[in-house]
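To start, the structure itself, in structure tokens.
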Amino acid sequence: MAPQKSTYDVIVIGAGIQGSFTAYHLAQRHKDTLLLEQFLLPHSRGSSHGQSRIIRSAYPQEYYSRMMPDSFRLWQQLEAETGTTLYRQTGLVVLGLPGEPELEACRRSLGVDEVLDAAALAQRFPGFRLQAGQVAVLDSTAGVLFADRALRAVQEVFRRHGGTLQDGEKVLHIEPGATVTVTTTAGVYKAPRLIITAGAWTGALVEQLGLHLPLQPLRINVCYWREKQPGSASSGSVSPCFLTLGLSQAPHGIYGLPSIEYPGLMKVCHHHGSPTDPEKRDQAPSSAPHPDVAVLSSFISSYLPGLETQPAVMETCLYTNTPDEDFILDRHPKFSNIVIGAGFSGHGFKLAPVVGKLLCELSLGEEPSHNMAHFAITRFPGVLAAAQ
Ligand SMILES: Cc1cc2nc3c(=O)[nH]c(=O)nc-3n(C[C@H](O)[C@H](O)[C@H](O)COP(=O)(O)OP(=O)(O)OC[C@H]3O[C@@H](n4cnc5c(N)ncnc54)[C@H](O)[C@@H]3O)c2cc1C
Ligand SMILES: O=C(O)[C@@H]1CCCCN1
């Protein structure tokens, strides 16, 4: 049922983790906020579903690692507000080659000197087999966020602070102006401020506002692999999360999480997928080969010999990539009361509490709490011209 009211302080489009955290911060600042979601909640058609996401301080780019203390603090605040556990510390190892610039940058971001060679890694974490010459950097702060539970928690606090969450209501049209008018499948709403956090649908939505953002939705195969000996990769023992950087076997990167979601199944995925349209993501013929799964099987037989080499479970998820894989967090170049948060490029979940805060600050005209230089729309040539 449509809400009675039609006028709000702020409207947020998209109740994934980014829009939900944005709405949470707005409601905590006593802004009368409407959060609109096209699907009935919970749903698995976007990017924020499933039980697990990696959280880590290790980042090659210092502008992300610098946000992590704020992010950890805000995740803990949400845990306290809802009395739920949203995070399990498991540690994470970054696997790569010594001296490789991104690996070195990760090490610097952690302020650690220790690098584990193949023998030291196998001793500490018996499931992993590095190849000769490869090393691992340990981020002991890292772990797993319980994604679905986190989404529910942030939406619950948003509502508790008086926010209105309307699901099953798709935004069809946005009319810019000093007051923005948003038309959905169920009603018409007005607000002086609009925030668009529509995940893989953002490109199409902002097209109607004259903006051509270089956003590419990717269909990601999410694969779970059975332990040959049950219990060997579970977080109850010693297995950390991992990700690879710059290894020739996996130029886009491969990552994994211990067996938390499904008993005895470790999540190991390719940080890459096939270009898709979010409306058509299931239309790939089921008989089509999955080249990324073949890459994963080969990686697993070399690096994780305790796992079977065919996935036991395969699900899908969406990334929305920018060309440089940095986020877009900015005002519309022409309509400054419309703020856009998009292009999270497969690494946005852990930072959602900070992203939400930044989008809220941008929308309210406050000084952002972090440096926004890397997230500006103007870094993409032609976008501004197209918007004018
Ligand atoms: C397989 C996979 C693994 C990942 N692993 C990690 C990880 O380990 N660590 C990490 O930090 N990040 C990870 N990520 C990335 C992270 O999950 C995403 O960056 C994040 O979920 C993006 O959230 P979002 O809110 O932008 O998008 P979404 O969750 O897709 O939310 C956008 C919402 O907008 C709604 N919407 C769209 N159009 C409309 C409309 N017209 N009207 C109303 N509603 C609309 C959609 O239905 C959707 O619910 C991973 C992502 C995937 C897919
Ligand atoms: O954001 C992360 O930490 C992971 C890294 C590997 C790919 C998926 N996302």
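Every chain in the structure tokens has a letter given in the order shown (A, B, ...), and although residue numbers restart at 1 in each chain, ligands are simply numbered from 1 in the order shown.
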Do you know which residues are within 8 Å of ligand 1 using only C-alpha atoms and all ligand atoms? Can you write them as a PyMOL selection string?
-> chain A and resi 13-20+36-39+43+45-49+52-55+144+167-172+184+197-202+205+219-222+269+271+316-320+341-352
Looking only at the backbone, which of the residues in stretch 107-301 of chain A does DSSP tag as strand (DSSP E), as number ranges by chain?
-> A: 116-117, 135-139, 143-146, 164-166, 171-175, 180-184, 188-191, 193-196, 216-226, 241-244, 254-257, 265-270, 274-275
Counting only C-alpha atoms and all ligand atoms, the residue among A:Asp139, A:Asp32, A:Asp70, A:Glu79 that lies closest to ligand 2 is A:Asp139
Could you find all residues in stretch 118-260 of chain A that DSSP calls alpha helix (DSSP H) from the backbone, and write them as an MDAnalysis selection string?
-> chainID A and resid 118:124 147:160 202:207
Can you write out the residues you just picked, keeping C-alpha atoms, as a compact mmCIF listing (two decimals), in the first residue's frame?
# COMPACT_ATOMS: atom_id res chain seq x y z
CA ALA A 118 54.74 -20.62 1.09
CA ALA A 119 56.05 -22.69 4.01
CA ALA A 120 55.02 -20.15 6.67
CA LEU A 121 51.52 -19.83 5.17
CA ALA A 122 51.01 -23.60 4.99
CA GLN A 123 52.11 -23.93 8.60
CA ARG A 124 49.76 -21.21 9.79
CA ALA A 147 25.21 -9.45 4.46
CA ASP A 148 21.49 -10.28 4.57
CA ARG A 149 21.42 -9.81 8.32
CA ALA A 150 23.20 -6.46 7.93
CA LEU A 151 20.69 -5.23 5.36
CA ARG A 152 17.80 -6.13 7.65
CA ALA A 153 19.49 -4.45 10.60
CA VAL A 154 20.16 -1.15 8.87
CA GLN A 155 16.62 -1.00 7.47
CA GLU A 156 15.22 -1.77 10.93
CA VAL A 157 17.12 1.14 12.51
CA PHE A 158 16.07 3.42 9.64
CA ARG A 159 12.42 2.64 10.36
CA ARG A 160 12.95 2.95 14.10
CA THR A 202 21.50 3.39 -12.02
CA GLY A 203 22.78 3.89 -15.57
CA ALA A 204 19.29 3.67 -17.05
CA LEU A 205 17.76 5.88 -14.35
CA VAL A 206 20.26 8.70 -14.75
CA GLU A 207 20.00 8.55 -18.56
For ligand 2, which of A:Val268, A:Ile195, A:Leu359, A:Leu41 is the closest residue, counting only C-alpha atoms and all ligand atoms?
-> A:Val268
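The shell of residues at most 6 Å from A:Val12, with only C-alpha atoms counted and near chain neighbours (fewer than 5 positions) removed, consists of Leu35, Leu194, Ile195 and Ile196 of chain A.
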Selection to disk with N, CA, C and O atoms, as a short mmCIF file (atom, residue, chain, number, x, y, z; two decimals), in the first residue's frame:
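Below you can see part05.cif, which holds the result:
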data_model
loop_
_atom_site.label_atom_id
_atom_site.label_comp_id
_atom_site.auth_asym_id
_atom_site.auth_seq_id
_atom_site.Cartn_x
_atom_site.Cartn_y
_atom_site.Cartn_z
N LEU A 35 12.51 5.84 1.46
CA LEU A 35 13.40 4.90 0.77
C LEU A 35 12.53 4.00 -0.11
O LEU A 35 11.66 3.29 0.40
N LEU A 194 17.12 14.43 -3.71
CA LEU A 194 16.98 13.04 -4.16
C LEU A 194 18.35 12.37 -4.15
O LEU A 194 19.35 13.00 -4.54
N ILE A 195 18.39 11.12 -3.74
CA ILE A 195 19.64 10.34 -3.80
C ILE A 195 19.34 9.06 -4.58
O ILE A 195 18.37 8.35 -4.29
N ILE A 196 20.17 8.79 -5.60
CA ILE A 196 19.97 7.59 -6.43
C ILE A 196 21.05 6.56 -6.09
O ILE A 196 22.24 6.80 -6.31
#
Surrounding residues of A:Lys190 excluding itself and chain neighbours under 6 positions, 12 Å, only C-alpha atoms, as a count of residues only | 23
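Close contacts of A:Leu110, defined as residues with an atom at most 9 Å away when counting only C-alpha atoms, with chain neighbours fewer than 6 positions off set aside, comprise Ser57, Ala58, Tyr59, Ser65, Leu138 and Asp139 of chain A.
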Limited to C-alpha atoms, could you put the picked residues into a file as a short mmCIF file (atom, residue, chain, number, x, y, z; two decimals), in the first residue's frame?
data_model
loop_
_atom_site.label_atom_id
_atom_site.label_comp_id
_atom_site.auth_asym_id
_atom_site.auth_seq_id
_atom_site.Cartn_x
_atom_site.Cartn_y
_atom_site.Cartn_z
CA SER A 57 41.60 -2.99 6.01
CA ALA A 58 44.09 -4.18 3.38
CA TYR A 59 43.55 -2.07 0.26
CA SER A 65 42.01 1.87 3.65
CA LEU A 138 48.05 -11.12 6.65
CA ASP A 139 45.28 -8.65 7.57
#
Close residues, A:Thr309 itself excluded, 10 Å, only C-alpha atoms, min 3 positions apart in chain, as a PDB file with C-alpha atoms, in the first residue's frame:
ATOM      1  CA  TRP A 225      33.220 -25.722  -3.183  1.00  0.00           C
ATOM      2  CA  ARG A 226      32.949 -28.779  -0.995  1.00  0.00           C
ATOM      3  CA  GLU A 227      35.711 -29.596   1.466  1.00  0.00           C
ATOM      4  CA  LYS A 228      37.093 -33.076   0.856  1.00  0.00           C
ATOM      5  CA  VAL A 293      34.469 -21.526 -13.324  1.00  0.00           C
ATOM      6  CA  ALA A 294      37.196 -23.328 -15.276  1.00  0.00           C
ATOM      7  CA  LEU A 296      38.462 -21.322 -10.481  1.00  0.00           C
ATOM      8  CA  SER A 297      38.721 -25.117 -10.772  1.00  0.00           C
ATOM      9  CA  SER A 298      42.294 -24.843 -11.919  1.00  0.00           C
ATOM     10  CA  PHE A 299      43.131 -22.339  -9.153  1.00  0.00           C
ATOM     11  CA  ILE A 300      41.577 -24.610  -6.529  1.00  0.00           C
ATOM     12  CA  SER A 301      43.547 -27.674  -7.574  1.00  0.00           C
ATOM     13  CA  LEU A 304      43.345 -25.130  -2.182  1.00  0.00           C
ATOM     14  CA  PRO A 305      43.892 -28.874  -2.579  1.00  0.00           C
ATOM     15  CA  GLY A 306      41.489 -29.647   0.280  1.00  0.00           C
ATOM     16  CA  ALA A 312      28.723 -27.767  -5.297  1.00  0.00           C
TER      17      ALA A 312
END
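Residue nearest ligand 2, chosen from A:Arg108, A:His332, A:Lys31, A:His272 and counting only C-alpha atoms and all ligand atoms: A:His272.
Candidate residues A:Thr244, A:Thr22, A:Gln134, A:Gln310 were compared for distance to ligand 2, and the nearest is A:Thr244, using only C-alpha atoms and all ligand atoms.
Here atom CA of A:Tyr87 and atom CA of A:Ala23 stand 21.3 Å from one another.
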Distance atom CA of A:Pro311-atom CA of A:Phe242, one decimal place?
-> 17.7 Å
Rank nothing, just name the residue among A:Gly127, A:Pro353, A:Gly187, A:Gly143 nearest to ligand 2, using only C-alpha atoms and all ligand atoms.
-> A:Gly143
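Distances here use only C-alpha atoms and all ligand atoms; by that measure, the residue among A:Pro42, A:Gly273, A:Gly256, A:Pro263 closest to ligand 2 is A:Gly256.
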